[in-house]
Amino acid sequence: MLPAHRPSAPPSVFRRRRPAAEPAGDAAAASWLRRLARLYWRRRLLLGGAMVAAVAAAFVIVQKVPPRFQSSATVMLDPRQHTVIDIPQVVTPFRPDELAVESEIQVMLSQDLARTVIAATGVDRSPEFNPAVERQQDAAGPDDPGSPLTQLKAGIGAAAAWARSTLGGDDPPSPERDSRRDELIMLQRFAKALEVRPVGRSRVIGVSFTARDPDLAAAVANAVVDAYLAQQSTGRIRETERANGWLRQRAQELRAEAAKAQKAYTDRMTAAQSTAGVDQQLLRDQLLDINRTLAVTEADLTAARSRRAQLETLLDAGRLEPLADMARSETMQAIRLRLVDLQRDLADRSGRLGPLHPSVTAIAAQIRSTRASLADEARRLVADARADEAALENRAGSLRASAEDHQRELRQQQDATADVATLEREAKSTEDLYNTFLTRFKETSAGTLAPPEAWMVSRAQPAADPVFPNTALLLGFAGIAALGLAGAGVTLREMLHTGLRSADEVEANFGLRGLGLSPALPRRLSGRAVVEDLLRHPRSAFAESVRIIVSNAIGPLRPDMGAQVVSVCSACPHEGKSTLVAASATLLAMSGFRVLVIDADMRGPSQHGLFAVPNRYGLSDDLHAAAEAMTGNALVLDELMPEPAVDTVTGVHVLTGGLAGAADTRGPMYLGHAERLGDLIGGYRRSYDVILLDMPPCMPVADARVFAGLSDRCLFVTRWLSTPAGTVRTALGELQAAGVDIAGLALLQVDVREHAAYEYGDSGLYHRHSRYYSHP
């Protein structure tokens with residue numbers, strides 16, 4: 001087996017490391033802007049051509065567009081607000097100036113006023129606004145049938161006719177419907193050409209009209225103002241007549257309401273005469289005294305109720321002594337003292353004479369009689385408490401009834417007074433309003449019209465210069481727009497590129513060393529022509545770039561080092577991997593090294609075509625034969641080792657891919673023969689200085705993940721600005737998971753001029769050197 005070189009801890013391809021030279025913050029933004037500026041400078045011909053083409057096209061279009069002229073007149077809304085009647089007091093509240101100006105603008109833009117102006121100025125006879133006149137003029141024949149505008153109109157008309165006939169069929173002709181449609185179109189064109197807006201923050205309104213005829217534009221602007229002023233005068237007359245009629249009707253209604261209010265006031269005064277002599281203040285004082293007495297009575301009633309409840313409780317429990325203490329009755333106290341004396345006397349005599357002595361028995365009878373008297377006195381006290389409580393309840397009820405009577409009488413007095421005052425005010429206000437309306441009606445009927453609220457400040461004059469098209473503005477806008485769109489396209493194309501651009505990005509994305517960049521070859525160089533071109537031009541830019549990549553990947557070669565086995569891998573097909581292997585082998589052989597190329601891409605071998613050697617018996621055939629000859633005993637290496645073919649021109653030995661790999665339909669049959677390939681490589685090490693393995697792409701097939709680990713190091717390549725970085729990261733991860741020592745990553749098929757537009761460390765120098773070493 002091979003003594004393969006393995007690093008102790010291969011670098012991870014999933015880390016993203018910031019290069020030391022990369023700026024940060026504002027410096028990064030400045031670097032990005034410089035790079036973008038250089039990109040635009042590289043695309044200056046494209047940007048300039050787009051701008052020139054857009055300006056030329058805009059100039060041609062401007063020359064074909066008929067000019068349009070604009071004239072303006074101004075009208076002033078009188079800030080004195082003369083009115084035939086005092087509208088703020090009679091009809092509506094005063095409106096702010098902004099709303100008033102906007103309302104007058106909408107009046108000037110109304111369709112009724114537009115019809116008046118169109119009929120007065122002859123706009124309906126202009127083909128610019130009236131589609132019927134335009135059709136008649138077109139039917140008479142255009143001045144320039146070959147002009148682009150005429151052809152465009154004809155094409156649009158034909159397309160519209162075809163759409164009507166195809167989708168819904170042509171409607172039967174209707175002159176009335178066509179006339180209404182023409183009028184609507186004419187009004188729309190008129191409204192589009194008319195512009196009415198306030199002048200600054202003032203009450204002056206500017207009226208502008210745009211037309212191809214400058215005299216017509218001035219006439220229409222003046223006619224709009226004249227029609228508006230005439231409409232205002234007519235409206236004021238109608239407003240005065242309508243206001244007089246309304247004031248007359250309102251005065252009659254108010255007169256009836258005033259009479260009704262006066263009658264209600266009189267009737268209420270008559271009804272209030274019965275209570276007119278009662279003093280309301282006396283009623284309030286009496287009600288206050290009653291409320292105070294009622295409060296005291298209710299407090300006494302609460303205390304009596306509580307005392308009665310406690311006495312009843314003690315009486316029911318038979319606790320006469322606490323009852324006597326609570327009642328504070330002198331009679332009960334005397335009875336208690338008598339009872340105490342009898343009990344003491346009974347105890348004394350019972351001890352001396354015995355319980356059956358007649359005097360003891362007499363004292364016991366007195367004790368029983370005294371206790372009965374005490375109980376009777378307790379019941380009498382409870383009955384007195386109940387009587388006191390009932391008396392207080394009756395007194396409180398009487399006071400409440402008296403308070404309610406006084407309150408009702410006082411409320412009646414207050415309501416009567418309030419009704420009389422309200423009716424008096426209503427009658428007076430109705431009478432005042434009636435007098436006011438009657439006075440205004442007399443004034444408006446006998447007065448004259450006030451001066452107009454609007455008047456013309458300046459009349460419109462025919463314009464000398466057109467407002468459209470503005471040639472300088474349109475050409476400038478076309479140039480700037482074309483430049484912006486072209487720049488956006490260049491920027492978008494730059495942002496959509498997901499591939500790698502330079503060694504800086506390789507290190508930043510994968511933490512791998514960038515081995516170098518190889519320029520793209522002309523289309524005429526493919527297959528064997530690549531090797532022949534290297535032989536003819538060994539100092540070309542492509543040859544120098546391959547030397548840089550090989551030296552960075554392998555390092556210096558010495559005879560005592562033994563054969564160096566290098567596998568060349570890529571993520572996807574068509575990355576330039578096989579071409580790089582052939583070019584590296586050719587240049588190494590030209591330098592005197594013994595080189596063997598093993599075409600391990602057995603499904604799609606290509607090295608036999610690059611070196612012009614036959615592909616009769618190769619690696620896939622050897623592995624297939626080894627599998628067939630496997631009987632359990634060790635294989636004899638010398639007997640099964642295939643003999644590499646020799647390119648007589650370059651001296652490179654090539655072990656081709658063979659025919660079995662492409663013809664095998666069972667799938668990847670070589671996954672279990674890594675040991676056999678390792679034995680082959682070990683046998684070839686004694687005869688060669690460098691062995692290059694042309695691996696299949698990592699993503700489509702699994703062979704590279706199995707065989708790449710047999711090499712001393714792996715040179716990974718990817719196509720410049722083409723293969724996505726995510727795909728490259730996945731392929732590198734698969735190789736590192738298989739234990740492959742990745743020496744670095746090289747970018748192939750670089751567009752030299754486009755690469756120079758990027759501000760990388762190798763951009764400018766690489767471009768200059770590639771021109772110096774370019775093909776003759």
# chains A, B, ... in the order shown; residues from 1 in each chain; ligands from 1

$ residues_around --residues "stretch 373-386 of chain A" --least-positions-apart "5" --cutoff "9 Å" --atoms "only C-alpha atoms" --output "tab-separated table (two decimals) with all heavy atoms, in the first residue's frame"
chain	number	residue	atom	x	y	z
A	304	ALA	N	-83.76	52.84	70.62
A	304	ALA	CA	-84.85	52.16	71.33
A	304	ALA	C	-85.03	50.75	70.81
A	304	ALA	O	-85.29	49.81	71.59
A	304	ALA	CB	-86.15	52.95	71.18
A	305	ARG	N	-84.93	50.55	69.52
A	305	ARG	CA	-85.07	49.21	68.93
A	305	ARG	C	-83.96	48.28	69.44
A	305	ARG	O	-84.20	47.12	69.77
A	305	ARG	CB	-85.05	49.32	67.41
A	305	ARG	CG	-85.35	47.99	66.72
A	305	ARG	CD	-85.37	48.17	65.20
A	305	ARG	NE	-86.53	48.94	64.79
A	305	ARG	CZ	-86.49	50.13	64.23
A	305	ARG	NH1	-85.33	50.73	64.02
A	305	ARG	NH2	-87.60	50.77	63.86
A	307	ARG	N	-82.30	48.63	72.32
A	307	ARG	CA	-82.50	48.39	73.76
A	307	ARG	C	-83.61	47.37	73.98
A	307	ARG	O	-83.47	46.45	74.79
A	307	ARG	CB	-82.86	49.71	74.44
A	307	ARG	CG	-83.06	49.61	75.94
A	307	ARG	CD	-83.21	51.01	76.52
A	307	ARG	NE	-83.43	50.97	77.96
A	307	ARG	CZ	-84.62	50.81	78.56
A	307	ARG	NH1	-85.72	50.69	77.80
A	307	ARG	NH2	-84.74	50.78	79.87
A	308	ARG	N	-84.69	47.48	73.18
A	308	ARG	CA	-85.80	46.53	73.31
A	308	ARG	C	-85.34	45.13	72.95
A	308	ARG	O	-85.69	44.15	73.64
A	308	ARG	CB	-86.94	46.99	72.40
A	308	ARG	CG	-88.21	46.16	72.54
A	308	ARG	CD	-88.30	45.10	71.45
A	308	ARG	NE	-88.09	45.66	70.14
A	308	ARG	CZ	-87.80	44.94	69.08
A	308	ARG	NH1	-87.62	43.63	69.21
A	308	ARG	NH2	-87.62	45.51	67.90
A	309	ALA	N	-84.55	45.01	71.92
A	309	ALA	CA	-84.09	43.68	71.51
A	309	ALA	C	-83.20	43.05	72.59
A	309	ALA	O	-83.31	41.85	72.88
A	309	ALA	CB	-83.33	43.78	70.19
A	311	LEU	N	-83.28	43.71	75.86
A	311	LEU	CA	-84.10	43.37	77.02
A	311	LEU	C	-84.88	42.09	76.78
A	311	LEU	O	-85.00	41.23	77.66
A	311	LEU	CB	-85.06	44.52	77.34
A	311	LEU	CG	-84.41	45.82	77.87
A	311	LEU	CD1	-85.46	46.91	78.05
A	311	LEU	CD2	-83.68	45.56	79.18
A	312	GLU	N	-85.42	41.94	75.56
A	312	GLU	CA	-86.17	40.72	75.26
A	312	GLU	C	-85.24	39.50	75.31
A	312	GLU	O	-85.63	38.43	75.79
A	312	GLU	CB	-86.81	40.83	73.88
A	312	GLU	CG	-88.00	41.79	73.85
A	312	GLU	CD	-88.60	41.88	72.45
A	312	GLU	OE1	-87.93	41.39	71.50
A	312	GLU	OE2	-89.70	42.44	72.31
A	315	LEU	N	-84.61	38.69	78.94
A	315	LEU	CA	-85.82	38.16	79.58
A	315	LEU	C	-86.05	36.72	79.16
A	315	LEU	O	-86.40	35.86	79.98
A	315	LEU	CB	-87.01	39.04	79.22
A	315	LEU	CG	-88.36	38.57	79.81
A	315	LEU	CD1	-88.31	38.60	81.34
A	315	LEU	CD2	-89.51	39.47	79.29
A	318	GLY	N	-83.86	34.43	80.98
A	318	GLY	CA	-84.03	34.39	82.42
A	318	GLY	C	-82.94	35.09	83.18
A	318	GLY	O	-82.79	34.88	84.39
A	320	LEU	N	-82.29	37.98	84.83
A	320	LEU	CA	-82.98	39.16	85.33
A	320	LEU	C	-82.01	40.17	85.92
A	320	LEU	O	-82.27	41.38	85.88
A	320	LEU	CB	-84.02	38.75	86.39
A	320	LEU	CG	-85.10	37.77	85.87
A	320	LEU	CD1	-86.07	37.44	87.02
A	320	LEU	CD2	-85.83	38.36	84.69
A	323	LEU	N	-80.57	42.23	83.24
A	323	LEU	CA	-81.67	43.05	82.72
A	323	LEU	C	-81.91	44.23	83.62
A	323	LEU	O	-82.16	45.35	83.17
A	323	LEU	CB	-82.92	42.17	82.58
A	323	LEU	CG	-84.12	42.79	81.84
A	323	LEU	CD1	-84.91	41.69	81.11
A	323	LEU	CD2	-85.07	43.48	82.83
A	324	ALA	N	-81.85	43.98	84.97
A	324	ALA	CA	-82.07	45.09	85.92
A	324	ALA	C	-80.96	46.12	85.81
A	324	ALA	O	-81.21	47.32	85.86
A	324	ALA	CB	-82.14	44.53	87.34
A	327	ALA	N	-81.61	48.04	82.53
A	327	ALA	CA	-82.80	48.90	82.58
A	327	ALA	C	-82.64	50.05	83.57
A	327	ALA	O	-83.31	51.08	83.44
A	327	ALA	CB	-84.03	48.07	82.96
A	329	SER	N	-83.64	50.26	86.63
A	329	SER	CA	-84.93	50.49	87.31
A	329	SER	C	-84.73	50.45	88.82
A	329	SER	O	-84.17	49.47	89.36
A	329	SER	CB	-85.94	49.42	86.86
A	329	SER	OG	-87.13	49.50	87.63
A	331	THR	N	-87.04	50.22	91.01
A	331	THR	CA	-87.94	49.20	91.59
A	331	THR	C	-87.27	47.85	91.57
A	331	THR	O	-87.30	47.08	92.55
A	331	THR	CB	-89.26	49.17	90.81
A	331	THR	OG1	-89.86	50.46	90.83
A	331	THR	CG2	-90.22	48.14	91.39
A	332	MET	N	-86.69	47.51	90.42
A	332	MET	CA	-86.02	46.22	90.33
A	332	MET	C	-84.81	46.16	91.25
A	332	MET	O	-84.48	45.10	91.81
A	332	MET	CB	-85.57	45.95	88.88
A	332	MET	CG	-86.73	45.66	87.94
A	332	MET	SD	-86.14	44.99	86.35
A	332	MET	CE	-85.58	43.39	86.88
A	335	ILE	N	-86.18	45.42	94.67
A	335	ILE	CA	-86.61	44.02	94.76
A	335	ILE	C	-85.39	43.13	94.86
A	335	ILE	O	-85.38	42.12	95.59
A	335	ILE	CB	-87.48	43.66	93.55
A	335	ILE	CG1	-88.79	44.46	93.58
A	335	ILE	CG2	-87.80	42.17	93.55
A	335	ILE	CD1	-89.67	44.29	92.36
A	336	ARG	N	-84.36	43.41	94.13
A	336	ARG	CA	-83.15	42.60	94.17
A	336	ARG	C	-82.52	42.66	95.57
A	336	ARG	O	-82.06	41.64	96.12
A	336	ARG	CB	-82.15	43.08	93.12
A	336	ARG	CG	-82.52	42.71	91.70
A	336	ARG	CD	-81.44	43.21	90.77
A	336	ARG	NE	-80.15	42.59	91.09
A	336	ARG	CZ	-78.99	43.02	90.63
A	336	ARG	NH1	-78.94	44.10	89.85
A	336	ARG	NH2	-77.87	42.38	90.95
A	368	ARG	N	-89.84	33.21	97.01
A	368	ARG	CA	-90.53	32.90	95.77
A	368	ARG	C	-91.41	34.05	95.33
A	368	ARG	O	-91.50	34.39	94.15
A	368	ARG	CB	-91.35	31.63	95.94
A	368	ARG	CG	-90.46	30.38	96.03
A	368	ARG	CD	-91.32	29.11	95.87
A	368	ARG	NE	-92.28	28.99	97.00
A	368	ARG	CZ	-92.01	28.37	98.15
A	368	ARG	NH1	-90.82	27.81	98.35
A	368	ARG	NH2	-92.93	28.31	99.11
A	391	ALA	N	-93.85	54.37	69.73
A	391	ALA	CA	-94.10	55.81	69.71
A	391	ALA	C	-93.10	56.52	68.79
A	391	ALA	O	-93.47	57.42	68.02
A	391	ALA	CB	-94.03	56.37	71.13

$ select_by_dssp --residues "stretch 410-561 of chain A" --states "strand (DSSP E)" --output "number ranges by chain"
A: 454-458, 514-519

$ residues_around --residues "A:Ala543" --least-positions-apart "4" --cutoff "9 Å" --atoms "only C-alpha atoms" --output "list in words"
Ser518, Leu534, His537, Pro538, Arg539, Arg547, Ile548, Ala583, Ser584, Leu587 and Tyr773 of chain A

$ write_last_selection --atoms "N, CA and C atoms" --output "short mmCIF file (atom, residue, chain, number, x, y, z; two decimals), in the first residue's frame"
data_model
loop_
_atom_site.label_atom_id
_atom_site.label_comp_id
_atom_site.auth_asym_id
_atom_site.auth_seq_id
_atom_site.Cartn_x
_atom_site.Cartn_y
_atom_site.Cartn_z
N SER A 518 -6.14 30.15 -13.68
CA SER A 518 -5.72 29.77 -15.03
C SER A 518 -6.66 30.42 -16.03
N LEU A 534 0.79 24.08 -25.90
CA LEU A 534 1.78 24.21 -24.85
C LEU A 534 3.18 23.92 -25.38
N HIS A 537 4.06 27.05 -27.42
CA HIS A 537 4.14 28.31 -26.66
C HIS A 537 4.32 27.97 -25.18
N PRO A 538 5.50 27.54 -24.80
CA PRO A 538 5.70 27.16 -23.38
C PRO A 538 5.70 28.33 -22.43
N ARG A 539 5.73 29.60 -22.94
CA ARG A 539 5.71 30.78 -22.04
C ARG A 539 4.40 31.54 -22.14
N ARG A 547 1.99 26.29 -14.27
CA ARG A 547 3.20 26.10 -13.46
C ARG A 547 2.99 26.62 -12.03
N ILE A 548 2.32 27.78 -11.92
CA ILE A 548 2.07 28.34 -10.59
C ILE A 548 1.19 27.40 -9.78
N ALA A 583 -2.15 19.48 -19.09
CA ALA A 583 -1.20 20.57 -19.19
C ALA A 583 -0.10 20.44 -18.14
N SER A 584 -0.46 20.03 -16.90
CA SER A 584 0.53 19.87 -15.84
C SER A 584 1.50 18.76 -16.19
N LEU A 587 3.94 20.01 -19.01
CA LEU A 587 4.96 20.94 -18.54
C LEU A 587 5.97 20.25 -17.64
N TYR A 773 2.46 37.45 -21.61
CA TYR A 773 2.72 36.06 -21.98
C TYR A 773 1.60 35.48 -22.83
#

$ residues_around --residues "A:Glu128" --least-positions-apart "6" --cutoff "9 Å" --atoms "only C-alpha atoms" --output "list in words"
Glu134, Met186, Arg189, Ala211 and Arg212 of chain A

$ residues_around --residues "stretch 601-608 of chain A" --least-positions-apart "2" --cutoff "9 Å" --atoms "only C-alpha atoms" --output "count of residues only"
37

$ closest_residue --among "A:His624, A:Asn291, A:Gly726, A:Leu474" --to "A:Ala56" --atoms "only C-alpha atoms"
A:Leu474

$ closest_residue --among "A:Val123, A:Ile237, A:Ala364, A:Ala702" --to "A:Ser350" --atoms "only C-alpha atoms"
A:Ala364

$ closest_residue --among "A:Val225, A:Asn470, A:Pro66, A:Val133" --to "A:Val107" --atoms "only C-alpha atoms"
A:Val225

$ select_by_dssp --residues "stretch 347-460 of chain A" --states "alpha helix (DSSP H)" --output "PyMOL selection string"
chain A and resi 347-353+358-446

$ decode --residues "stretch 308-337 of chain A" --atoms "N, CA and C atoms" --output "JSON list (two decimals), in the first residue's frame"
[["chain", "number", "residue", "atom", "x", "y", "z"],
["A", 308, "ARG", "N", -84.69, 47.48, 73.18],
["A", 308, "ARG", "CA", -85.80, 46.53, 73.31],
["A", 308, "ARG", "C", -85.34, 45.13, 72.95],
["A", 309, "ALA", "N", -84.55, 45.01, 71.92],
["A", 309, "ALA", "CA", -84.09, 43.68, 71.51],
["A", 309, "ALA", "C", -83.20, 43.05, 72.59],
["A", 310, "GLN", "N", -82.34, 43.84, 73.21],
["A", 310, "GLN", "CA", -81.47, 43.30, 74.25],
["A", 310, "GLN", "C", -82.28, 42.88, 75.49],
["A", 311, "LEU", "N", -83.28, 43.71, 75.86],
["A", 311, "LEU", "CA", -84.10, 43.37, 77.02],
["A", 311, "LEU", "C", -84.88, 42.09, 76.78],
["A", 312, "GLU", "N", -85.42, 41.94, 75.56],
["A", 312, "GLU", "CA", -86.17, 40.72, 75.26],
["A", 312, "GLU", "C", -85.24, 39.50, 75.31],
["A", 313, "THR", "N", -84.04, 39.66, 74.83],
["A", 313, "THR", "CA", -83.09, 38.55, 74.85],
["A", 313, "THR", "C", -82.77, 38.13, 76.29],
["A", 314, "LEU", "N", -82.50, 39.09, 77.16],
["A", 314, "LEU", "CA", -82.20, 38.77, 78.57],
["A", 314, "LEU", "C", -83.39, 38.16, 79.28],
["A", 315, "LEU", "N", -84.61, 38.69, 78.94],
["A", 315, "LEU", "CA", -85.82, 38.16, 79.58],
["A", 315, "LEU", "C", -86.05, 36.72, 79.16],
["A", 316, "ASP", "N", -85.89, 36.44, 77.85],
["A", 316, "ASP", "CA", -86.09, 35.06, 77.38],
["A", 316, "ASP", "C", -85.06, 34.11, 78.00],
["A", 317, "ALA", "N", -83.85, 34.61, 78.26],
["A", 317, "ALA", "CA", -82.81, 33.75, 78.85],
["A", 317, "ALA", "C", -82.95, 33.65, 80.36],
["A", 318, "GLY", "N", -83.86, 34.43, 80.98],
["A", 318, "GLY", "CA", -84.03, 34.39, 82.42],
["A", 318, "GLY", "C", -82.94, 35.09, 83.18],
["A", 319, "ARG", "N", -82.21, 35.93, 82.52],
["A", 319, "ARG", "CA", -81.12, 36.65, 83.18],
["A", 319, "ARG", "C", -81.67, 37.99, 83.66],
["A", 320, "LEU", "N", -82.29, 37.98, 84.83],
["A", 320, "LEU", "CA", -82.98, 39.16, 85.33],
["A", 320, "LEU", "C", -82.01, 40.17, 85.92],
["A", 321, "GLU", "N", -80.89, 39.68, 86.51],
["A", 321, "GLU", "CA", -79.96, 40.62, 87.12],
["A", 321, "GLU", "C", -79.32, 41.54, 86.07],
["A", 322, "PRO", "N", -78.76, 40.97, 84.93],
["A", 322, "PRO", "CA", -78.22, 41.87, 83.88],
["A", 322, "PRO", "C", -79.31, 42.77, 83.31],
["A", 323, "LEU", "N", -80.57, 42.23, 83.24],
["A", 323, "LEU", "CA", -81.67, 43.05, 82.72],
["A", 323, "LEU", "C", -81.91, 44.23, 83.62],
["A", 324, "ALA", "N", -81.85, 43.98, 84.97],
["A", 324, "ALA", "CA", -82.07, 45.09, 85.92],
["A", 324, "ALA", "C", -80.96, 46.12, 85.81],
["A", 325, "ASP", "N", -79.70, 45.64, 85.61],
["A", 325, "ASP", "CA", -78.59, 46.58, 85.47],
["A", 325, "ASP", "C", -78.75, 47.41, 84.21],
["A", 326, "MET", "N", -79.20, 46.77, 83.13],
["A", 326, "MET", "CA", -79.34, 47.48, 81.86],
["A", 326, "MET", "C", -80.51, 48.46, 81.91],
["A", 327, "ALA", "N", -81.61, 48.04, 82.53],
["A", 327, "ALA", "CA", -82.80, 48.90, 82.58],
["A", 327, "ALA", "C", -82.64, 50.05, 83.57],
["A", 328, "ARG", "N", -81.74, 49.85, 84.56],
["A", 328, "ARG", "CA", -81.54, 50.88, 85.58],
["A", 328, "ARG", "C", -82.86, 51.28, 86.27],
["A", 329, "SER", "N", -83.64, 50.26, 86.63],
["A", 329, "SER", "CA", -84.93, 50.49, 87.31],
["A", 329, "SER", "C", -84.73, 50.45, 88.82],
["A", 330, "GLU", "N", -85.17, 51.53, 89.52],
["A", 330, "GLU", "CA", -85.04, 51.57, 90.98],
["A", 330, "GLU", "C", -85.91, 50.50, 91.64],
["A", 331, "THR", "N", -87.04, 50.22, 91.01],
["A", 331, "THR", "CA", -87.94, 49.20, 91.59],
["A", 331, "THR", "C", -87.27, 47.85, 91.57],
["A", 332, "MET", "N", -86.69, 47.51, 90.42],
["A", 332, "MET", "CA", -86.02, 46.22, 90.33],
["A", 332, "MET", "C", -84.81, 46.16, 91.25],
["A", 333, "GLN", "N", -84.12, 47.27, 91.44],
["A", 333, "GLN", "CA", -82.98, 47.29, 92.34],
["A", 333, "GLN", "C", -83.45, 47.02, 93.80],
["A", 334, "ALA", "N", -84.57, 47.67, 94.18],
["A", 334, "ALA", "CA", -85.09, 47.45, 95.54],
["A", 334, "ALA", "C", -85.51, 46.00, 95.74],
["A", 335, "ILE", "N", -86.18, 45.42, 94.67],
["A", 335, "ILE", "CA", -86.61, 44.02, 94.76],
["A", 335, "ILE", "C", -85.39, 43.13, 94.86],
["A", 336, "ARG", "N", -84.36, 43.41, 94.13],
["A", 336, "ARG", "CA", -83.15, 42.60, 94.17],
["A", 336, "ARG", "C", -82.52, 42.66, 95.57],
["A", 337, "LEU", "N", -82.46, 43.86, 96.16],
["A", 337, "LEU", "CA", -81.90, 43.98, 97.51],
["A", 337, "LEU", "C", -82.74, 43.19, 98.53]]
